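**Q** As input, take input33.cif (mmCIF, N, CA and C atoms):
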data_my_file
loop_
_atom_site.label_atom_id
_atom_site.label_comp_id
_atom_site.auth_asym_id
_atom_site.auth_seq_id
_atom_site.Cartn_x
_atom_site.Cartn_y
_atom_site.Cartn_z
N MET S 21 -35.74 38.40 28.83
CA MET S 21 -35.15 38.48 27.52
C MET S 21 -36.28 38.32 26.49
N SER S 22 -36.28 39.19 25.52
CA SER S 22 -37.36 39.18 24.53
C SER S 22 -37.20 38.03 23.55
N SER S 23 -38.27 37.69 22.88
CA SER S 23 -38.26 36.63 21.87
C SER S 23 -37.29 36.96 20.75
N PHE S 24 -37.25 38.24 20.38
CA PHE S 24 -36.39 38.66 19.30
C PHE S 24 -34.92 38.43 19.65
N VAL S 25 -34.53 38.77 20.89
CA VAL S 25 -33.14 38.59 21.33
C VAL S 25 -32.80 37.10 21.36
N ARG S 26 -33.73 36.26 21.86
CA ARG S 26 -33.49 34.81 21.91
C ARG S 26 -33.31 34.26 20.50
N LEU S 27 -34.16 34.67 19.58
CA LEU S 27 -34.05 34.20 18.20
C LEU S 27 -32.74 34.65 17.56
N THR S 28 -32.33 35.86 17.85
CA THR S 28 -31.08 36.38 17.31
C THR S 28 -29.90 35.57 17.84
N ILE S 29 -29.90 35.28 19.14
CA ILE S 29 -28.82 34.49 19.75
C ILE S 29 -28.80 33.09 19.15
N LEU S 30 -29.98 32.47 19.00
CA LEU S 30 -30.05 31.14 18.40
C LEU S 30 -29.55 31.16 16.96
N PHE S 31 -29.91 32.20 16.21
CA PHE S 31 -29.47 32.30 14.84
C PHE S 31 -27.95 32.43 14.77
N VAL S 32 -27.36 33.25 15.65
CA VAL S 32 -25.91 33.42 15.67
C VAL S 32 -25.23 32.11 16.04
N LEU S 33 -25.75 31.39 17.04
CA LEU S 33 -25.17 30.11 17.43
C LEU S 33 -25.29 29.09 16.30
N PHE S 34 -26.45 29.04 15.66
CA PHE S 34 -26.66 28.12 14.55
C PHE S 34 -25.71 28.43 13.40
N SER S 35 -25.51 29.71 13.11
CA SER S 35 -24.59 30.13 12.05
C SER S 35 -23.16 29.72 12.39
N ALA S 36 -22.77 29.85 13.64
CA ALA S 36 -21.42 29.47 14.07
C ALA S 36 -21.21 27.97 13.92
N VAL S 37 -22.23 27.18 14.28
CA VAL S 37 -22.14 25.72 14.14
C VAL S 37 -22.00 25.36 12.67
N LEU S 38 -22.80 25.95 11.80
CA LEU S 38 -22.71 25.67 10.36
C LEU S 38 -21.34 26.03 9.82
N LEU S 39 -20.81 27.15 10.25
CA LEU S 39 -19.48 27.57 9.79
C LEU S 39 -18.42 26.56 10.22
N CYS S 40 -18.51 26.08 11.45
CA CYS S 40 -17.56 25.06 11.94
C CYS S 40 -17.68 23.77 11.14
N LEU S 41 -18.92 23.34 10.88
CA LEU S 41 -19.13 22.13 10.11
C LEU S 41 -18.59 22.28 8.69
N ARG S 42 -18.81 23.42 8.09
CA ARG S 42 -18.29 23.66 6.74
C ARG S 42 -16.77 23.61 6.73
N GLN S 43 -16.13 24.22 7.71
CA GLN S 43 -14.67 24.23 7.80
C GLN S 43 -14.15 22.80 7.97
N THR S 44 -14.81 21.99 8.82
CA THR S 44 -14.41 20.60 9.04
C THR S 44 -14.53 19.81 7.76
N THR S 45 -15.62 19.97 7.03
CA THR S 45 -15.82 19.27 5.77
C THR S 45 -14.76 19.67 4.77
N THR S 46 -14.43 20.94 4.69
CA THR S 46 -13.40 21.41 3.77
C THR S 46 -12.06 20.80 4.12
N ASP S 47 -11.70 20.75 5.41
CA ASP S 47 -10.42 20.21 5.82
C ASP S 47 -10.32 18.73 5.48
N VAL S 48 -11.38 17.96 5.68
CA VAL S 48 -11.36 16.53 5.40
C VAL S 48 -11.20 16.29 3.90
N SER S 49 -11.93 17.02 3.07
CA SER S 49 -11.87 16.78 1.63
C SER S 49 -10.54 17.23 1.04
N ALA S 50 -9.80 18.09 1.73
CA ALA S 50 -8.53 18.57 1.22
C ALA S 50 -7.38 17.60 1.52
N GLN S 51 -7.64 16.55 2.28
CA GLN S 51 -6.58 15.61 2.62
C GLN S 51 -6.13 14.84 1.40
N THR S 52 -4.87 14.44 1.38
CA THR S 52 -4.31 13.68 0.29
C THR S 52 -4.82 12.24 0.33
N GLN S 53 -5.17 11.72 -0.82
CA GLN S 53 -5.62 10.35 -0.93
C GLN S 53 -4.43 9.40 -0.78
N VAL S 54 -4.68 8.24 -0.17
CA VAL S 54 -3.65 7.22 -0.04
C VAL S 54 -3.63 6.43 -1.33
N GLY S 55 -2.45 6.24 -1.91
CA GLY S 55 -2.32 5.48 -3.15
C GLY S 55 -2.34 3.99 -2.89
N SER S 56 -2.10 3.22 -3.93
CA SER S 56 -2.12 1.77 -3.81
C SER S 56 -0.73 1.16 -3.65
N ALA S 57 0.31 1.97 -3.69
CA ALA S 57 1.68 1.47 -3.54
C ALA S 57 1.96 1.13 -2.08
N PHE S 58 2.83 0.15 -1.87
CA PHE S 58 3.26 -0.21 -0.53
C PHE S 58 4.72 -0.63 -0.56
N THR S 59 5.35 -0.61 0.59
CA THR S 59 6.77 -0.98 0.70
C THR S 59 6.88 -2.42 1.16
N TYR S 60 7.68 -3.19 0.42
CA TYR S 60 7.95 -4.58 0.79
C TYR S 60 9.42 -4.68 1.19
N GLN S 61 9.66 -5.24 2.36
CA GLN S 61 11.03 -5.47 2.83
C GLN S 61 11.25 -6.97 2.94
N GLY S 62 12.35 -7.44 2.37
CA GLY S 62 12.62 -8.87 2.38
C GLY S 62 14.06 -9.18 2.70
N ARG S 63 14.33 -10.47 2.83
CA ARG S 63 15.68 -10.96 3.10
C ARG S 63 15.99 -12.02 2.05
N LEU S 64 17.13 -11.87 1.39
CA LEU S 64 17.54 -12.75 0.30
C LEU S 64 18.85 -13.43 0.66
N THR S 65 18.87 -14.74 0.49
CA THR S 65 20.11 -15.49 0.71
C THR S 65 20.58 -16.07 -0.61
N ASP S 66 21.87 -16.30 -0.70
CA ASP S 66 22.48 -16.90 -1.88
C ASP S 66 23.43 -17.97 -1.41
N GLY S 67 23.06 -19.23 -1.63
CA GLY S 67 23.89 -20.34 -1.16
C GLY S 67 23.92 -20.43 0.35
N GLY S 68 22.85 -20.01 1.02
CA GLY S 68 22.77 -20.08 2.48
C GLY S 68 23.34 -18.87 3.20
N SER S 69 23.99 -17.97 2.47
CA SER S 69 24.57 -16.77 3.08
C SER S 69 23.77 -15.55 2.64
N PRO S 70 23.78 -14.49 3.44
CA PRO S 70 23.08 -13.26 3.04
C PRO S 70 23.60 -12.75 1.70
N ALA S 71 22.69 -12.44 0.80
CA ALA S 71 23.07 -11.93 -0.52
C ALA S 71 23.56 -10.49 -0.40
N ALA S 72 24.37 -10.08 -1.36
CA ALA S 72 24.86 -8.71 -1.43
C ALA S 72 25.04 -8.36 -2.90
N GLY S 73 24.71 -7.13 -3.25
CA GLY S 73 24.85 -6.67 -4.63
C GLY S 73 23.53 -6.18 -5.18
N ASP S 74 23.51 -6.01 -6.51
CA ASP S 74 22.30 -5.52 -7.17
C ASP S 74 21.56 -6.68 -7.81
N TYR S 75 20.24 -6.69 -7.61
CA TYR S 75 19.38 -7.76 -8.11
C TYR S 75 18.15 -7.18 -8.79
N ASP S 76 17.60 -7.95 -9.72
CA ASP S 76 16.34 -7.62 -10.36
C ASP S 76 15.27 -8.53 -9.76
N PHE S 77 14.12 -7.97 -9.45
CA PHE S 77 13.02 -8.73 -8.86
C PHE S 77 11.78 -8.63 -9.74
N ARG S 78 11.02 -9.72 -9.77
CA ARG S 78 9.69 -9.73 -10.40
C ARG S 78 8.72 -10.23 -9.35
N PHE S 79 7.70 -9.42 -9.09
CA PHE S 79 6.70 -9.75 -8.07
C PHE S 79 5.35 -10.01 -8.74
N LYS S 80 4.65 -11.03 -8.25
CA LYS S 80 3.30 -11.33 -8.72
C LYS S 80 2.42 -11.51 -7.49
N LEU S 81 1.20 -11.04 -7.59
CA LEU S 81 0.26 -11.10 -6.48
C LEU S 81 -0.78 -12.18 -6.76
N TYR S 82 -1.05 -13.03 -5.75
CA TYR S 82 -2.02 -14.12 -5.88
C TYR S 82 -3.02 -14.08 -4.74
N ASN S 83 -4.13 -14.77 -4.94
CA ASN S 83 -5.17 -14.86 -3.91
C ASN S 83 -5.08 -16.16 -3.11
N ALA S 84 -4.01 -16.93 -3.29
CA ALA S 84 -3.84 -18.19 -2.56
C ALA S 84 -2.34 -18.48 -2.39
N ALA S 85 -2.02 -19.23 -1.34
CA ALA S 85 -0.62 -19.57 -1.07
C ALA S 85 -0.05 -20.50 -2.14
N THR S 86 -0.90 -21.36 -2.70
CA THR S 86 -0.51 -22.20 -3.83
C THR S 86 -1.64 -22.16 -4.85
N ASN S 87 -1.29 -22.40 -6.09
CA ASN S 87 -2.27 -22.30 -7.19
C ASN S 87 -2.94 -20.94 -7.14
N GLY S 88 -4.26 -20.88 -7.13
CA GLY S 88 -4.96 -19.60 -7.06
C GLY S 88 -4.86 -18.81 -8.34
N ASN S 89 -5.33 -17.56 -8.28
CA ASN S 89 -5.36 -16.66 -9.43
C ASN S 89 -4.40 -15.51 -9.23
N GLN S 90 -3.69 -15.16 -10.30
CA GLN S 90 -2.83 -13.98 -10.26
C GLN S 90 -3.71 -12.74 -10.34
N LEU S 91 -3.39 -11.75 -9.52
CA LEU S 91 -4.15 -10.51 -9.47
C LEU S 91 -3.28 -9.38 -10.00
N GLY S 92 -3.77 -8.66 -10.97
CA GLY S 92 -2.98 -7.58 -11.55
C GLY S 92 -1.84 -8.12 -12.40
N ALA S 93 -1.05 -7.21 -12.92
CA ALA S 93 0.08 -7.56 -13.77
C ALA S 93 1.33 -7.77 -12.93
N PRO S 94 2.29 -8.55 -13.43
CA PRO S 94 3.57 -8.68 -12.72
C PRO S 94 4.21 -7.30 -12.54
N PHE S 95 4.93 -7.13 -11.46
CA PHE S 95 5.58 -5.85 -11.15
C PHE S 95 7.07 -6.09 -11.04
N GLU S 96 7.85 -5.47 -11.91
CA GLU S 96 9.30 -5.66 -11.92
C GLU S 96 10.01 -4.45 -11.33
N VAL S 97 11.03 -4.75 -10.54
CA VAL S 97 11.87 -3.72 -9.94
C VAL S 97 13.32 -4.11 -10.21
N GLY S 98 14.04 -3.27 -10.94
CA GLY S 98 15.41 -3.59 -11.32
C GLY S 98 16.45 -2.88 -10.49
N ASN S 99 17.64 -3.46 -10.48
CA ASN S 99 18.80 -2.87 -9.78
C ASN S 99 18.51 -2.52 -8.33
N VAL S 100 17.92 -3.46 -7.62
CA VAL S 100 17.66 -3.27 -6.19
C VAL S 100 18.93 -3.65 -5.43
N THR S 101 19.41 -2.77 -4.62
CA THR S 101 20.61 -3.05 -3.83
C THR S 101 20.24 -3.91 -2.63
N VAL S 102 20.91 -5.06 -2.52
CA VAL S 102 20.72 -5.96 -1.40
C VAL S 102 21.97 -5.85 -0.53
N THR S 103 21.76 -5.54 0.74
CA THR S 103 22.86 -5.35 1.68
C THR S 103 22.68 -6.30 2.85
N ASP S 104 23.67 -7.14 3.06
CA ASP S 104 23.62 -8.13 4.15
C ASP S 104 22.32 -8.95 4.08
N GLY S 105 21.84 -9.18 2.85
CA GLY S 105 20.65 -9.98 2.64
C GLY S 105 19.35 -9.20 2.64
N PHE S 106 19.35 -7.96 3.05
CA PHE S 106 18.12 -7.18 3.18
C PHE S 106 17.90 -6.25 1.98
N PHE S 107 16.64 -6.14 1.57
CA PHE S 107 16.28 -5.24 0.47
C PHE S 107 14.90 -4.65 0.72
N THR S 108 14.63 -3.56 0.01
CA THR S 108 13.34 -2.89 0.08
C THR S 108 12.89 -2.56 -1.34
N ALA S 109 11.62 -2.78 -1.62
CA ALA S 109 11.05 -2.44 -2.92
C ALA S 109 9.67 -1.82 -2.72
N VAL S 110 9.37 -0.81 -3.51
CA VAL S 110 8.04 -0.21 -3.49
C VAL S 110 7.24 -0.86 -4.62
N LEU S 111 6.11 -1.48 -4.26
CA LEU S 111 5.29 -2.23 -5.21
C LEU S 111 3.93 -1.57 -5.37
N ASP S 112 3.37 -1.70 -6.57
CA ASP S 112 2.04 -1.14 -6.83
C ASP S 112 1.33 -2.00 -7.85
N PHE S 113 0.37 -2.80 -7.38
CA PHE S 113 -0.41 -3.66 -8.25
C PHE S 113 -1.73 -3.02 -8.67
N GLY S 114 -1.92 -1.77 -8.31
CA GLY S 114 -3.14 -1.06 -8.68
C GLY S 114 -4.13 -1.01 -7.52
N PRO S 115 -5.15 -0.18 -7.67
CA PRO S 115 -6.08 0.06 -6.56
C PRO S 115 -7.14 -1.01 -6.35
N ASN S 116 -7.30 -1.94 -7.26
CA ASN S 116 -8.43 -2.86 -7.18
C ASN S 116 -8.09 -4.26 -6.71
N VAL S 117 -6.85 -4.50 -6.28
CA VAL S 117 -6.46 -5.87 -5.92
C VAL S 117 -6.60 -6.17 -4.43
N PHE S 118 -6.69 -5.15 -3.61
CA PHE S 118 -6.80 -5.36 -2.17
C PHE S 118 -8.24 -5.06 -1.73
N ASN S 119 -8.94 -6.13 -1.33
CA ASN S 119 -10.34 -5.98 -0.93
C ASN S 119 -10.60 -6.56 0.46
N GLY S 120 -9.54 -6.79 1.22
CA GLY S 120 -9.70 -7.35 2.56
C GLY S 120 -9.45 -8.84 2.63
N GLU S 121 -9.38 -9.51 1.48
CA GLU S 121 -9.10 -10.95 1.45
C GLU S 121 -7.59 -11.18 1.44
N ALA S 122 -7.19 -12.40 1.81
CA ALA S 122 -5.77 -12.75 1.88
C ALA S 122 -5.09 -12.59 0.52
N ARG S 123 -3.84 -12.12 0.55
CA ARG S 123 -3.03 -11.95 -0.65
C ARG S 123 -1.64 -12.53 -0.40
N TYR S 124 -1.05 -13.08 -1.45
CA TYR S 124 0.25 -13.74 -1.36
C TYR S 124 1.16 -13.22 -2.47
N LEU S 125 2.41 -12.99 -2.11
CA LEU S 125 3.38 -12.42 -3.03
C LEU S 125 4.32 -13.51 -3.53
N GLU S 126 4.36 -13.70 -4.85
CA GLU S 126 5.31 -14.61 -5.47
C GLU S 126 6.48 -13.77 -5.95
N ILE S 127 7.70 -14.23 -5.65
CA ILE S 127 8.89 -13.44 -5.95
C ILE S 127 9.84 -14.25 -6.82
N GLU S 128 10.31 -13.60 -7.88
CA GLU S 128 11.36 -14.16 -8.72
C GLU S 128 12.53 -13.19 -8.67
N VAL S 129 13.75 -13.71 -8.73
CA VAL S 129 14.93 -12.86 -8.58
C VAL S 129 16.05 -13.34 -9.50
N LYS S 130 16.91 -12.41 -9.88
CA LYS S 130 18.12 -12.72 -10.64
C LYS S 130 19.14 -11.64 -10.33
N ALA S 131 20.40 -11.96 -10.47
CA ALA S 131 21.43 -10.94 -10.33
C ALA S 131 21.21 -9.92 -11.44
N ALA S 132 21.40 -8.65 -11.14
CA ALA S 132 21.14 -7.58 -12.11
C ALA S 132 21.90 -7.84 -13.40
N GLY S 133 21.18 -7.77 -14.51
CA GLY S 133 21.79 -7.94 -15.82
C GLY S 133 21.88 -9.37 -16.32
N GLU S 134 21.65 -10.35 -15.47
CA GLU S 134 21.71 -11.75 -15.89
C GLU S 134 20.39 -12.16 -16.52
N ALA S 135 20.41 -13.27 -17.23
CA ALA S 135 19.20 -13.79 -17.86
C ALA S 135 18.54 -14.80 -16.93
N GLY S 136 17.23 -14.89 -17.02
CA GLY S 136 16.49 -15.93 -16.31
C GLY S 136 16.32 -15.70 -14.82
N TYR S 137 15.09 -15.59 -14.42
CA TYR S 137 14.74 -15.42 -13.01
C TYR S 137 14.68 -16.77 -12.30
N THR S 138 14.94 -16.75 -11.00
CA THR S 138 14.76 -17.92 -10.13
C THR S 138 13.54 -17.67 -9.26
N LEU S 139 12.61 -18.62 -9.27
CA LEU S 139 11.40 -18.51 -8.46
C LEU S 139 11.72 -18.86 -7.01
N LEU S 140 11.36 -17.96 -6.10
CA LEU S 140 11.54 -18.21 -4.67
C LEU S 140 10.27 -18.84 -4.12
N SER S 141 10.43 -19.73 -3.18
CA SER S 141 9.28 -20.45 -2.65
C SER S 141 9.41 -20.54 -1.14
N PRO S 142 8.31 -20.47 -0.42
CA PRO S 142 6.91 -20.37 -0.83
C PRO S 142 6.52 -18.91 -1.08
N ARG S 143 5.30 -18.71 -1.56
CA ARG S 143 4.76 -17.37 -1.67
C ARG S 143 4.68 -16.76 -0.28
N GLN S 144 4.86 -15.46 -0.22
CA GLN S 144 4.85 -14.75 1.06
C GLN S 144 3.48 -14.14 1.32
N PRO S 145 2.87 -14.43 2.48
CA PRO S 145 1.59 -13.79 2.80
C PRO S 145 1.81 -12.31 3.09
N LEU S 146 0.93 -11.49 2.59
CA LEU S 146 1.01 -10.05 2.88
C LEU S 146 0.12 -9.75 4.07
N THR S 147 0.70 -9.04 5.03
CA THR S 147 -0.05 -8.67 6.23
C THR S 147 0.15 -7.19 6.49
N ALA S 148 -0.83 -6.57 7.06
CA ALA S 148 -0.72 -5.16 7.44
C ALA S 148 0.04 -5.04 8.73
N VAL S 149 0.87 -4.02 8.81
CA VAL S 149 1.65 -3.80 10.04
C VAL S 149 1.27 -2.47 10.63
#
Write out the structure in this file as structure tokens.
**A**
Amino acid sequence: MSSFVRLTILFVLFSAVLLCLRQTTTDVSAQTQVGSAFTYQGRLTDGGSPAAGDYDFRFKLYNAATNGNQLGAPFEVGNVTVTDGFFTAVLDFGPNVFNGEARYLEIEVKAAGEAGYTLLSPRQPLTAV
């Protein structure tokens, strides 16, 4: 096999590799970015029994189980339907509050439309599932 043929084959193979790499890079960059929102599922009781009905929630994020510093602004979710004590809320404290360190969720709740929140205790540790 001549030198010219070998160089041509190498050039074709090198070009194919570059094309594959370019396609892979394009596919990766086209992926959708993950936002900072997450789903929180909780259980609420009222007088020792599972709560039912619509409730307003206020969530605050802290860097400690007690005391500590609040991270981001409070996040309110209104008219959340609680069924047999269970509820789900989508929360978003922004992209800069999660850095790998422990985070704790403080929750306040009230029946929808009523005045004055009740603070639930203790703060809930957030863990990845």
**Q** Around all listed atoms of range 57-68 of chain S, padded 4 Å per side, what centre and edge lengths does the axis-aligned box have in Å to one decimal, as lines of an AutoDock Vina configuration file?
**A**
center_x = 12.1
center_y = -9.2
center_z = -0.2
size_x = 31.6
size_y = 30.4
size_z = 14.9
**Q** Would you mind telling me which residue in S:Val54, S:Val149, S:Leu91, S:Ala71 lies nearest to Phe113 in chain S when using only N, CA and C atoms?
**A**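 Distance minimum relative to Phe113 in chain S lands on S:Leu91.
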**Q** Nearest to Tyr137 in chain S: which of S:Asp76, S:Thr59, S:Ala109, S:Gln51 is it, counting only N, CA and C atoms?
**A**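 For Tyr137 in chain S, the nearest of the candidates is S:Asp76.
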**Q** Evaluate the PyMOL selection byres (((chain S and resi 117 and name CA) around 10) and name CA) and record the selected residues as a list of chain:residue names, following the chain and residue labels used in the document.
**A**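 On the file shown, the PyMOL selection byres (((chain S and resi 117 and name CA) around 10) and name CA) covers S:Ser56, S:Leu81, S:Tyr82, S:Asn83, S:Gln90, S:Leu91, S:Gly92, S:Asp112, S:Phe113, S:Gly114, S:Pro115, S:Asn116, S:Phe118, S:Asn119, S:Gly120, S:Glu121, S:Arg123.
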**Q** If I take atom N of Gly88 in chain S and CA of Leu111 in chain S, how far is one from the other in Å, to one decimal?
**A**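 Calculated distance between atom N of Gly88 in chain S and CA of Leu111 in chain S is 21.0 Å.
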**Q** Quick one: residues within 6 Å of (18.1, -10.7, -9.4) (file frame), counting only N, CA and C atoms, please, as a list in words.
**A**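 Collected hits near the coordinates: Asp74, Tyr75, Asp76, Phe77, Val129, Lys130, Ala131 and Ala132 of chain S.
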**Q** Write the residues you've just listed into a file as an mmCIF file, keeping the file's coordinate frame, and include N, CA and C atoms for each of them.
**A**
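Below is the file selection_22.cif, written as the result:
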data_model
loop_
_atom_site.group_PDB
_atom_site.id
_atom_site.type_symbol
_atom_site.label_atom_id
_atom_site.label_comp_id
_atom_site.auth_asym_id
_atom_site.auth_seq_id
_atom_site.Cartn_x
_atom_site.Cartn_y
_atom_site.Cartn_z
ATOM 1 N N ASP S 74 23.510 -6.010 -6.510
ATOM 2 C CA ASP S 74 22.300 -5.520 -7.170
ATOM 3 C C ASP S 74 21.560 -6.680 -7.810
ATOM 4 N N TYR S 75 20.240 -6.690 -7.610
ATOM 5 C CA TYR S 75 19.380 -7.760 -8.110
ATOM 6 C C TYR S 75 18.150 -7.180 -8.790
ATOM 7 N N ASP S 76 17.600 -7.950 -9.720
ATOM 8 C CA ASP S 76 16.340 -7.620 -10.360
ATOM 9 C C ASP S 76 15.270 -8.530 -9.760
ATOM 10 N N PHE S 77 14.120 -7.970 -9.450
ATOM 11 C CA PHE S 77 13.020 -8.730 -8.860
ATOM 12 C C PHE S 77 11.780 -8.630 -9.740
ATOM 13 N N VAL S 129 13.750 -13.710 -8.730
ATOM 14 C CA VAL S 129 14.930 -12.860 -8.580
ATOM 15 C C VAL S 129 16.050 -13.340 -9.500
ATOM 16 N N LYS S 130 16.910 -12.410 -9.880
ATOM 17 C CA LYS S 130 18.120 -12.720 -10.640
ATOM 18 C C LYS S 130 19.140 -11.640 -10.330
ATOM 19 N N ALA S 131 20.400 -11.960 -10.470
ATOM 20 C CA ALA S 131 21.430 -10.940 -10.330
ATOM 21 C C ALA S 131 21.210 -9.920 -11.440
ATOM 22 N N ALA S 132 21.400 -8.650 -11.140
ATOM 23 C CA ALA S 132 21.140 -7.580 -12.110
ATOM 24 C C ALA S 132 21.900 -7.840 -13.400
#
**Q** What is the distance between atom C of Asn87 in chain S and CA of Tyr60 in chain S, in Å to one decimal?
**A**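 For atom C of Asn87 in chain S relative to CA of Tyr60 in chain S, the distance reads 21.2 Å.
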